[in-house]
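structure13.json follows; it contains JSON, C-alpha atoms.
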```
[["chain", "number", "residue", "atom", "x", "y", "z"],
["P", 1, "MET", "CA", 58.10, -23.14, 72.16],
["P", 2, "LYS", "CA", 59.30, -26.43, 73.68],
["P", 3, "GLN", "CA", 56.53, -28.82, 74.70],
["P", 4, "GLN", "CA", 55.91, -28.92, 78.46],
["P", 5, "PRO", "CA", 53.18, -31.56, 78.91],
["P", 6, "ILE", "CA", 52.85, -31.31, 82.69],
["P", 7, "LEU", "CA", 52.57, -27.52, 82.70],
["P", 8, "GLY", "CA", 50.32, -27.65, 79.63],
["P", 9, "PHE", "CA", 47.98, -30.10, 81.32],
["P", 10, "THR", "CA", 48.00, -28.05, 84.53],
["P", 11, "PHE", "CA", 47.03, -24.83, 82.75],
["P", 12, "ALA", "CA", 44.37, -26.64, 80.69],
["P", 13, "LEU", "CA", 42.94, -28.11, 83.90],
["P", 14, "ILE", "CA", 42.89, -24.65, 85.53],
["P", 15, "THR", "CA", 40.98, -23.38, 82.48],
["P", 16, "ALA", "CA", 38.39, -26.15, 82.69],
["P", 17, "MET", "CA", 37.96, -25.65, 86.44],
["P", 18, "ALA", "CA", 37.66, -21.86, 86.07],
["P", 19, "TRP", "CA", 35.06, -22.07, 83.33],
["P", 20, "GLY", "CA", 33.27, -24.90, 85.13],
["P", 21, "SER", "CA", 32.93, -22.94, 88.37],
["P", 22, "LEU", "CA", 31.94, -19.64, 86.74],
["P", 23, "PRO", "CA", 28.16, -20.20, 86.34],
["P", 24, "ILE", "CA", 27.87, -21.34, 89.97],
["P", 25, "ALA", "CA", 29.31, -18.04, 91.19],
["P", 26, "LEU", "CA", 27.32, -16.07, 88.61],
["P", 27, "GLN", "CA", 24.02, -17.54, 89.76],
["P", 28, "ASN", "CA", 24.57, -16.15, 93.25],
["P", 29, "VAL", "CA", 25.46, -12.68, 91.97],
["P", 30, "LEU", "CA", 22.38, -12.62, 89.73],
["P", 31, "SER", "CA", 20.23, -12.54, 92.85],
["P", 32, "VAL", "CA", 21.26, -8.91, 93.45],
["P", 33, "MET", "CA", 22.62, -7.67, 90.10],
["P", 34, "GLY", "CA", 21.32, -7.63, 86.54],
["P", 35, "ALA", "CA", 23.09, -9.71, 83.90],
["P", 36, "GLU", "CA", 24.01, -6.65, 81.85],
["P", 37, "SER", "CA", 25.71, -5.00, 84.84],
["P", 38, "ILE", "CA", 27.70, -8.13, 85.75],
["P", 39, "VAL", "CA", 28.86, -8.56, 82.16],
["P", 40, "TRP", "CA", 29.89, -4.89, 81.92],
["P", 41, "TYR", "CA", 32.10, -5.13, 85.01],
["P", 42, "ARG", "CA", 33.61, -8.43, 83.79],
["P", 43, "PHE", "CA", 34.53, -6.83, 80.46],
["P", 44, "LEU", "CA", 35.90, -3.74, 82.21],
["P", 45, "VAL", "CA", 38.28, -5.76, 84.39],
["P", 46, "ALA", "CA", 39.38, -7.88, 81.42],
["P", 47, "SER", "CA", 39.90, -4.74, 79.29],
["P", 48, "LEU", "CA", 42.12, -3.05, 81.87],
["P", 49, "ALA", "CA", 44.23, -6.17, 82.35],
["P", 50, "MET", "CA", 44.66, -6.71, 78.60],
["P", 51, "LEU", "CA", 45.43, -3.02, 78.06],
["P", 52, "LEU", "CA", 48.19, -3.11, 80.68],
["P", 53, "LEU", "CA", 49.61, -6.34, 79.23],
["P", 54, "LEU", "CA", 49.77, -5.11, 75.64],
["P", 55, "SER", "CA", 51.06, -1.69, 76.72],
["P", 56, "TRP", "CA", 53.87, -3.40, 78.60],
["P", 57, "LYS", "CA", 54.65, -5.54, 75.53],
["P", 58, "LYS", "CA", 54.28, -2.48, 73.27],
["P", 59, "LYS", "CA", 51.94, -4.42, 71.02],
["P", 60, "LEU", "CA", 48.77, -2.35, 71.16],
["P", 61, "PRO", "CA", 46.66, -2.54, 67.97],
["P", 62, "THR", "CA", 46.79, 0.53, 65.73],
["P", 63, "LEU", "CA", 44.22, 2.16, 63.47],
["P", 64, "SER", "CA", 46.47, 1.49, 60.49],
["P", 65, "GLN", "CA", 45.76, -2.23, 60.92],
["P", 66, "PHE", "CA", 42.09, -1.67, 60.16],
["P", 67, "ASN", "CA", 40.32, -1.43, 56.81],
["P", 68, "ALA", "CA", 36.63, -1.66, 55.92],
["P", 69, "ARG", "CA", 36.75, -5.48, 56.12],
["P", 70, "TYR", "CA", 38.25, -5.57, 59.61],
["P", 71, "TRP", "CA", 35.89, -2.88, 60.90],
["P", 72, "LYS", "CA", 32.95, -5.05, 59.81],
["P", 73, "LEU", "CA", 34.48, -8.18, 61.33],
["P", 74, "SER", "CA", 35.09, -6.28, 64.57],
["P", 75, "ILE", "CA", 31.44, -5.24, 64.80],
["P", 76, "ILE", "CA", 30.28, -8.81, 64.16],
["P", 77, "GLY", "CA", 32.70, -10.17, 66.78],
["P", 78, "ILE", "CA", 31.76, -7.53, 69.36],
["P", 79, "LEU", "CA", 28.03, -8.23, 69.01],
["P", 80, "GLY", "CA", 28.68, -11.97, 69.15],
["P", 81, "LEU", "CA", 30.85, -11.84, 72.29],
["P", 82, "ALA", "CA", 28.67, -9.30, 74.13],
["P", 83, "GLY", "CA", 25.58, -11.29, 73.18],
["P", 84, "ASN", "CA", 27.14, -14.55, 74.36],
["P", 85, "PHE", "CA", 28.14, -13.17, 77.75],
["P", 86, "PHE", "CA", 24.78, -11.48, 78.31],
["P", 87, "LEU", "CA", 22.65, -14.43, 77.18],
["P", 88, "PHE", "CA", 24.65, -17.01, 79.14],
["P", 89, "ASN", "CA", 24.43, -14.89, 82.29],
["P", 90, "SER", "CA", 20.70, -14.38, 81.75],
["P", 91, "SER", "CA", 20.03, -18.10, 81.27],
["P", 92, "LEU", "CA", 21.23, -18.77, 84.82],
["P", 93, "LYS", "CA", 18.15, -16.97, 86.15],
["P", 94, "TYR", "CA", 16.01, -19.83, 84.84],
["P", 95, "ILE", "CA", 18.12, -23.00, 84.75],
["P", 96, "GLU", "CA", 20.81, -24.67, 86.83],
["P", 97, "PRO", "CA", 24.50, -24.08, 86.00],
["P", 98, "ALA", "CA", 24.95, -27.75, 85.04],
["P", 99, "ILE", "CA", 22.17, -27.49, 82.44],
["P", 100, "ALA", "CA", 23.45, -24.18, 81.06],
["P", 101, "GLN", "CA", 26.96, -25.61, 80.65],
["P", 102, "ILE", "CA", 25.87, -28.76, 78.81],
["P", 103, "PHE", "CA", 25.26, -26.66, 75.70],
["P", 104, "ILE", "CA", 28.81, -25.26, 75.69],
["P", 105, "HIS", "CA", 29.95, -27.75, 73.05],
["P", 106, "LEU", "CA", 27.27, -26.67, 70.57],
["P", 107, "SER", "CA", 29.44, -23.66, 69.73],
["P", 108, "SER", "CA", 32.34, -25.89, 68.69],
["P", 109, "PHE", "CA", 30.19, -28.00, 66.40],
["P", 110, "MET", "CA", 28.55, -24.95, 64.85],
["P", 111, "MET", "CA", 32.02, -23.55, 64.22],
["P", 112, "LEU", "CA", 32.85, -26.78, 62.38],
["P", 113, "ILE", "CA", 29.76, -26.41, 60.22],
["P", 114, "CYS", "CA", 30.58, -22.76, 59.47],
["P", 115, "GLY", "CA", 34.09, -23.84, 58.54],
["P", 116, "VAL", "CA", 32.63, -26.18, 55.93],
["P", 117, "PHE", "CA", 30.57, -23.41, 54.31],
["P", 118, "VAL", "CA", 32.87, -20.41, 54.80],
["P", 119, "PHE", "CA", 36.36, -21.90, 54.57],
["P", 120, "LYS", "CA", 35.41, -24.96, 52.46],
["P", 121, "GLU", "CA", 36.89, -27.24, 55.10],
["P", 122, "LYS", "CA", 36.18, -30.98, 55.07],
["P", 123, "LEU", "CA", 34.04, -32.39, 57.88],
["P", 124, "GLY", "CA", 35.98, -35.45, 59.04],
["P", 125, "LEU", "CA", 34.47, -38.83, 59.91],
["P", 126, "HIS", "CA", 35.48, -38.39, 63.55],
["P", 127, "GLN", "CA", 33.67, -35.04, 63.68],
["P", 128, "LYS", "CA", 30.48, -36.54, 62.25],
["P", 129, "ILE", "CA", 30.65, -39.39, 64.77],
["P", 130, "GLY", "CA", 31.33, -36.89, 67.56],
["P", 131, "LEU", "CA", 28.27, -34.83, 66.58],
["P", 132, "VAL", "CA", 26.02, -37.91, 66.59],
["P", 133, "ILE", "CA", 27.35, -38.95, 70.01],
["P", 134, "LEU", "CA", 26.80, -35.43, 71.35],
["P", 135, "ILE", "CA", 23.16, -35.45, 70.18],
["P", 136, "ILE", "CA", 22.63, -38.85, 71.82],
["P", 137, "GLY", "CA", 24.23, -37.50, 74.99],
["P", 138, "LEU", "CA", 21.89, -34.50, 75.05],
["P", 139, "GLY", "CA", 18.92, -36.86, 74.70],
["P", 140, "LEU", "CA", 20.14, -38.90, 77.66],
["P", 141, "PHE", "CA", 20.91, -35.79, 79.71],
["P", 142, "PHE", "CA", 17.34, -34.48, 79.28],
["P", 143, "ASN", "CA", 15.73, -37.93, 79.50],
["P", 144, "ASP", "CA", 13.35, -36.97, 82.30],
["P", 145, "ARG", "CA", 12.58, -33.43, 81.14],
["P", 146, "LEU", "CA", 12.05, -33.69, 77.38],
["P", 147, "ALA", "CA", 8.71, -31.93, 77.88],
["P", 148, "ILE", "CA", 10.49, -28.62, 78.41],
["P", 149, "PHE", "CA", 11.35, -28.63, 74.70],
["P", 150, "THR", "CA", 7.67, -28.77, 73.74],
["P", 151, "SER", "CA", 6.18, -26.49, 76.41],
["P", 152, "LEU", "CA", 6.80, -22.88, 77.38],
["P", 153, "ASN", "CA", 7.96, -22.35, 80.95],
["P", 154, "ASP", "CA", 10.92, -20.86, 82.81],
["P", 155, "SER", "CA", 13.13, -23.90, 82.18],
["P", 156, "SER", "CA", 12.43, -24.04, 78.46],
["P", 157, "PHE", "CA", 13.00, -20.27, 78.22],
["P", 158, "GLY", "CA", 16.34, -20.64, 80.04],
["P", 159, "ILE", "CA", 17.43, -23.44, 77.71],
["P", 160, "LEU", "CA", 16.45, -21.35, 74.68],
["P", 161, "ILE", "CA", 18.58, -18.48, 75.98],
["P", 162, "SER", "CA", 21.49, -20.84, 76.66],
["P", 163, "ILE", "CA", 21.34, -22.27, 73.14],
["P", 164, "SER", "CA", 21.13, -18.73, 71.76],
["P", 165, "ALA", "CA", 24.30, -17.87, 73.71],
["P", 166, "ALA", "CA", 26.09, -20.74, 71.99],
["P", 167, "VAL", "CA", 24.79, -19.65, 68.57],
["P", 168, "VAL", "CA", 25.84, -15.99, 68.84],
["P", 169, "TRP", "CA", 29.29, -17.00, 70.12],
["P", 170, "VAL", "CA", 29.90, -18.51, 66.68],
["P", 171, "ALA", "CA", 29.75, -14.97, 65.22],
["P", 172, "TYR", "CA", 32.59, -13.99, 67.56],
["P", 173, "GLY", "CA", 34.52, -17.19, 66.85],
["P", 174, "MET", "CA", 34.33, -16.72, 63.08],
["P", 175, "ALA", "CA", 35.24, -13.03, 63.34],
["P", 176, "GLN", "CA", 38.24, -13.84, 65.53],
["P", 177, "LYS", "CA", 39.46, -16.48, 63.08],
["P", 178, "LEU", "CA", 39.25, -14.08, 60.15],
["P", 179, "MET", "CA", 40.81, -11.19, 62.09],
["P", 180, "SER", "CA", 43.75, -13.37, 63.16],
["P", 181, "ARG", "CA", 45.24, -12.77, 59.71],
["P", 182, "GLN", "CA", 45.90, -9.16, 60.75],
["P", 183, "PHE", "CA", 45.87, -9.12, 64.56],
["P", 184, "SER", "CA", 47.33, -11.27, 67.34],
["P", 185, "ALA", "CA", 44.95, -13.16, 69.64],
["P", 186, "GLN", "CA", 45.61, -10.71, 72.50],
["P", 187, "GLN", "CA", 45.01, -7.70, 70.26],
["P", 188, "ILE", "CA", 41.68, -9.15, 69.15],
["P", 189, "LEU", "CA", 40.65, -9.76, 72.76],
["P", 190, "LEU", "CA", 41.53, -6.17, 73.69],
["P", 191, "ILE", "CA", 39.49, -4.82, 70.77],
["P", 192, "MET", "CA", 36.53, -7.01, 71.73],
["P", 193, "TYR", "CA", 36.70, -6.36, 75.48],
["P", 194, "VAL", "CA", 37.00, -2.56, 75.22],
["P", 195, "SER", "CA", 34.27, -2.38, 72.57],
["P", 196, "CYS", "CA", 31.94, -4.57, 74.65],
["P", 197, "VAL", "CA", 32.44, -2.20, 77.59],
["P", 198, "MET", "CA", 31.25, 0.69, 75.40],
["P", 199, "VAL", "CA", 28.36, -1.27, 73.87],
["P", 200, "LEU", "CA", 27.01, -2.41, 77.25],
["P", 201, "MET", "CA", 27.64, 0.84, 79.14],
["P", 202, "PRO", "CA", 24.16, 2.35, 78.42],
["P", 203, "PHE", "CA", 22.51, -0.77, 79.87],
["P", 204, "ALA", "CA", 24.66, -1.27, 82.97],
["P", 205, "GLN", "CA", 23.27, -0.11, 86.30],
["P", 206, "PHE", "CA", 26.43, 0.85, 88.15],
["P", 207, "SER", "CA", 24.66, 1.47, 91.46],
["P", 208, "GLN", "CA", 23.79, -2.23, 91.75],
["P", 209, "ILE", "CA", 27.32, -2.96, 92.91],
["P", 210, "GLU", "CA", 26.41, -1.22, 96.17],
["P", 211, "SER", "CA", 23.97, -4.07, 96.89],
["P", 212, "LEU", "CA", 26.82, -6.56, 97.07],
["P", 213, "SER", "CA", 28.24, -7.57, 100.43],
["P", 214, "GLY", "CA", 30.05, -10.48, 101.97],
["P", 215, "PHE", "CA", 29.32, -13.67, 100.08],
["P", 216, "THR", "CA", 27.80, -12.11, 96.95],
["P", 217, "LEU", "CA", 30.66, -9.59, 96.75],
["P", 218, "GLY", "CA", 33.16, -12.45, 96.88],
["P", 219, "CYS", "CA", 31.31, -14.26, 94.08],
["P", 220, "PHE", "CA", 31.24, -11.05, 92.03],
["P", 221, "ILE", "CA", 34.99, -10.48, 92.39],
["P", 222, "TYR", "CA", 35.60, -14.10, 91.39],
["P", 223, "CYS", "CA", 33.40, -13.69, 88.30],
["P", 224, "CYS", "CA", 35.41, -10.63, 87.24],
["P", 225, "LEU", "CA", 38.74, -12.38, 87.78],
["P", 226, "ASN", "CA", 37.52, -15.60, 86.17],
["P", 227, "THR", "CA", 37.83, -14.20, 82.65],
["P", 228, "LEU", "CA", 41.49, -13.42, 83.27],
["P", 229, "ILE", "CA", 42.18, -16.74, 85.01],
["P", 230, "GLY", "CA", 40.36, -18.87, 82.43],
["P", 231, "TYR", "CA", 41.59, -17.23, 79.24],
["P", 232, "GLY", "CA", 45.07, -16.60, 80.66],
["P", 233, "ALA", "CA", 45.51, -20.25, 81.63],
["P", 234, "TYR", "CA", 44.09, -21.31, 78.26],
["P", 235, "ALA", "CA", 46.66, -19.22, 76.39],
["P", 236, "GLU", "CA", 49.49, -20.64, 78.53],
["P", 237, "ALA", "CA", 48.24, -24.19, 77.95],
["P", 238, "LEU", "CA", 48.29, -23.68, 74.17],
["P", 239, "ASN", "CA", 51.84, -22.32, 74.40],
["P", 240, "ARG", "CA", 53.05, -25.45, 76.19],
["P", 241, "TRP", "CA", 50.94, -28.33, 74.83],
["P", 242, "ASP", "CA", 49.28, -29.57, 71.65],
["P", 243, "ILE", "CA", 45.98, -27.83, 70.89],
["P", 244, "SER", "CA", 44.17, -31.17, 70.47],
["P", 245, "LYS", "CA", 45.26, -32.30, 73.94],
["P", 246, "VAL", "CA", 44.29, -28.98, 75.49],
["P", 247, "SER", "CA", 40.89, -29.24, 73.78],
["P", 248, "VAL", "CA", 40.28, -32.65, 75.37],
["P", 249, "VAL", "CA", 40.84, -31.26, 78.88],
["P", 250, "VAL", "CA", 38.66, -28.19, 78.19],
["P", 251, "THR", "CA", 35.76, -30.43, 77.10],
["P", 252, "LEU", "CA", 35.49, -31.44, 80.78],
["P", 253, "VAL", "CA", 33.98, -28.05, 81.69],
["P", 254, "PRO", "CA", 30.36, -29.33, 82.13],
["P", 255, "LEU", "CA", 31.59, -32.19, 84.31],
["P", 256, "PHE", "CA", 33.46, -29.77, 86.56],
["P", 257, "THR", "CA", 30.29, -27.69, 86.88],
["P", 258, "ILE", "CA", 28.37, -30.76, 88.04],
["P", 259, "LEU", "CA", 31.19, -31.79, 90.40],
["P", 260, "PHE", "CA", 31.56, -28.32, 91.94],
["P", 261, "SER", "CA", 27.78, -28.02, 92.33],
["P", 262, "HIS", "CA", 27.72, -31.21, 94.40],
["P", 263, "VAL", "CA", 30.75, -30.31, 96.51],
["P", 264, "LEU", "CA", 29.61, -26.75, 97.24],
["P", 265, "HIS", "CA", 26.07, -27.90, 98.05],
["P", 266, "ARG", "CA", 27.47, -30.26, 100.67],
["P", 267, "ILE", "CA", 29.59, -27.46, 102.12],
["P", 268, "ASN", "CA", 26.83, -24.82, 102.09],
["P", 269, "PRO", "CA", 23.39, -26.12, 101.02],
["P", 270, "GLU", "CA", 21.76, -22.73, 101.68],
["P", 271, "ARG", "CA", 23.92, -20.93, 99.12],
["P", 272, "PHE", "CA", 24.45, -23.60, 96.46],
["P", 273, "VAL", "CA", 21.84, -25.71, 94.67],
["P", 274, "MET", "CA", 22.24, -29.45, 94.13],
["P", 275, "PRO", "CA", 21.89, -30.43, 90.43],
["P", 276, "HIS", "CA", 18.51, -32.08, 89.83],
["P", 277, "LEU", "CA", 19.80, -34.91, 87.65],
["P", 278, "ASN", "CA", 19.04, -38.63, 87.60],
["P", 279, "THR", "CA", 21.47, -41.44, 86.82],
["P", 280, "ILE", "CA", 20.74, -41.37, 83.07],
["P", 281, "SER", "CA", 21.35, -37.60, 83.04],
["P", 282, "TYR", "CA", 24.81, -38.08, 84.54],
["P", 283, "ILE", "CA", 25.57, -40.71, 81.91],
["P", 284, "GLY", "CA", 24.31, -38.28, 79.27],
["P", 285, "ALA", "CA", 26.72, -35.59, 80.51],
["P", 286, "PHE", "CA", 29.64, -38.00, 80.09],
["P", 287, "VAL", "CA", 28.41, -38.98, 76.62],
["P", 288, "VAL", "CA", 28.21, -35.31, 75.57],
["P", 289, "VAL", "CA", 31.81, -34.81, 76.69],
["P", 290, "LEU", "CA", 32.82, -38.03, 74.89],
["P", 291, "GLY", "CA", 31.30, -36.66, 71.67],
["P", 292, "ALA", "CA", 33.31, -33.46, 72.04],
["P", 293, "ILE", "CA", 36.52, -35.42, 72.74],
["P", 294, "ILE", "CA", 36.05, -37.62, 69.66],
["P", 295, "SER", "CA", 35.47, -34.52, 67.58],
["P", 296, "ALA", "CA", 38.69, -32.96, 68.90],
["P", 297, "VAL", "CA", 41.10, -35.91, 68.69],
["P", 298, "GLY", "CA", 39.13, -38.62, 66.91],
["P", 299, "PHE", "CA", 41.32, -38.22, 63.83],
["P", 300, "LYS", "CA", 43.91, -40.25, 65.75],
["P", 301, "LEU", "CA", 41.41, -43.08, 66.18],
["P", 302, "PHE", "CA", 39.70, -43.08, 62.78],
["P", 303, "LYS", "CA", 41.96, -43.44, 59.78],
["P", 304, "TYR", "CA", 40.23, -42.49, 56.54],
["P", 305, "LYS", "CA", 40.92, -40.92, 53.21],
["P", 306, "LYS", "CA", 39.70, -37.42, 52.52],
["P", 307, "VAL", "CA", 37.39, -37.06, 49.55]]
```

Produce structure tokens that represent the structure in this file.
Amino acid sequence: MKQQPILGFTFALITAMAWGSLPIALQNVLSVMGAESIVWYRFLVASLAMLLLLSWKKKLPTLSQFNARYWKLSIIGILGLAGNFFLFNSSLKYIEPAIAQIFIHLSSFMMLICGVFVFKEKLGLHQKIGLVILIIGLGLFFNDRLAIFTSLNDSSFGILISISAAVVWVAYGMAQKLMSRQFSAQQILLIMYVSCVMVLMPFAQFSQIESLSGFTLGCFIYCCLNTLIGYGAYAEALNRWDISKVSVVVTLVPLFTILFSHVLHRINPERFVMPHLNTISYIGAFVVVLGAIISAVGFKLFKYKKV
């Protein structure tokens, strides 16, 4: 497809804004609904949309595409994606959205490490530098609350859950990469979404949706649509722009979460919480994003020979 930089940037920006705003809306819904119920409804909406799309394109996956290997990969991916959604949602009961989002880039770096061991890929100099910068950024971000890593309280528990969400997502990411040899990206998403609906169904409390009204109902609807908006825009961005450039824009997700938290708190301080961050923490957030950007496109800055 012909490169369309302006449209590509626009869709990538929509993706970053959608994913950045998601935890803020989720935190409000969690006050009246359990994480497992929210996740089930989000997967249900995404499943129906993807089913309609692939049916219209006549590209639904078939059983003949599966063998023992792909069944196993599907199970790994389903558990990874369902676990990621549930754990990330759960972490927002204990920590602020800005803190939960700062760990989003751990998944990318863990994918790089898995690529080294599983696919025998080379870890580039820019990726090593990016990882070091990210670790420094995390240290700066948590400069005034390092004690939560050595003590057991709600905040430390929330951070542990958030890190776990990033870790289990790697299982989904690796499964998706391996399944892409047999299935299209949309087919994989349909398989994962529908399967996650079935896996989480025994745990979902459907009656909780009756507790939603007004503001919380609006947040809930946005959370359900967010998966379609975010991933749909992401797919369109990749179709119109270089993946490395799209990746740079998407790394801004934590910064959008911080920005939206401030703006929404000023608009409605009773509904939205102001991030409890000091100046060094804000600098740390930018450094974390810088580390992710260098990892994504640093190969254009650092010229080196592969060994």

List every residue of range 86-191 of chain P that has an atom at most 9 Å from any atom of range 51-65 of chain P, and for each one report the closest atom pair and its distance in Å to one decimal, counting only C-alpha atoms, with rows sorted by chain and then by increasing residue number, as a tab-separated table.
```
residue	atom	partner	partner_atom	distance
P:Gln182	CA	P:Gln65	CA	6.9
P:Phe183	CA	P:Pro61	CA	7.5
P:Ser184	CA	P:Pro61	CA	8.8
P:Gln186	CA	P:Leu54	CA	7.7
P:Gln187	CA	P:Pro61	CA	5.9
P:Ile188	CA	P:Pro61	CA	8.4
P:Leu190	CA	P:Leu51	CA	6.7
P:Ile191	CA	P:Pro61	CA	8.0
```

Go through range 28-104 of chain P and flag each residue having an atom no more than 10 Å from range 249-273 of chain P; for those, report the closest pair of atoms plus their distance in Å to one decimal, using all atoms listed in the file, ordered by chain and rising number, as a tab-separated table.
```
residue	atom	partner	partner_atom	distance
P:Asn28	CA	P:Arg271	CA	7.6
P:Glu96	CA	P:Val273	CA	8.0
P:Pro97	CA	P:Thr257	CA	6.9
P:Ala98	CA	P:Ile258	CA	5.5
P:Ile99	CA	P:Pro254	CA	8.4
P:Ala100	CA	P:Pro254	CA	8.7
P:Gln101	CA	P:Pro254	CA	5.3
P:Ile102	CA	P:Pro254	CA	5.6
P:Phe103	CA	P:Pro254	CA	8.6
P:Ile104	CA	P:Pro254	CA	7.8
```

(message) Restricting the calculation to all atoms listed in the file: of P:Phe141, P:Phe109, P:Tyr70, P:Phe117, which residue gets closest to Gln176 in chain P?
(response)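 The closest residue to Gln176 in chain P is P:Tyr70.
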
(request) For CA of Met201 in chain P and CA of Leu81 in chain P, determine how far apart the two atoms are, in Å to one decimal place. (result) 14.8 Å

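Proximity to Gln208 in chain P was assessed for P:Tyr282, P:Tyr172, P:Trp40, P:Phe157 counting all atoms listed in the file; the smallest distance is recorded for P:Trp40.
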
(request) Could you tell me which of P:Cys219, P:Met198, P:Ile75, P:Met110 comes closest to Val167 in chain P if we count only C-alpha atoms? (result) P:Met110

(request) Measure the distance from CA of Ser164 in chain P to CA of Ile95 in chain P in Å and round it to one decimal. (result)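 Interatomic distance here is 14.0 Å.
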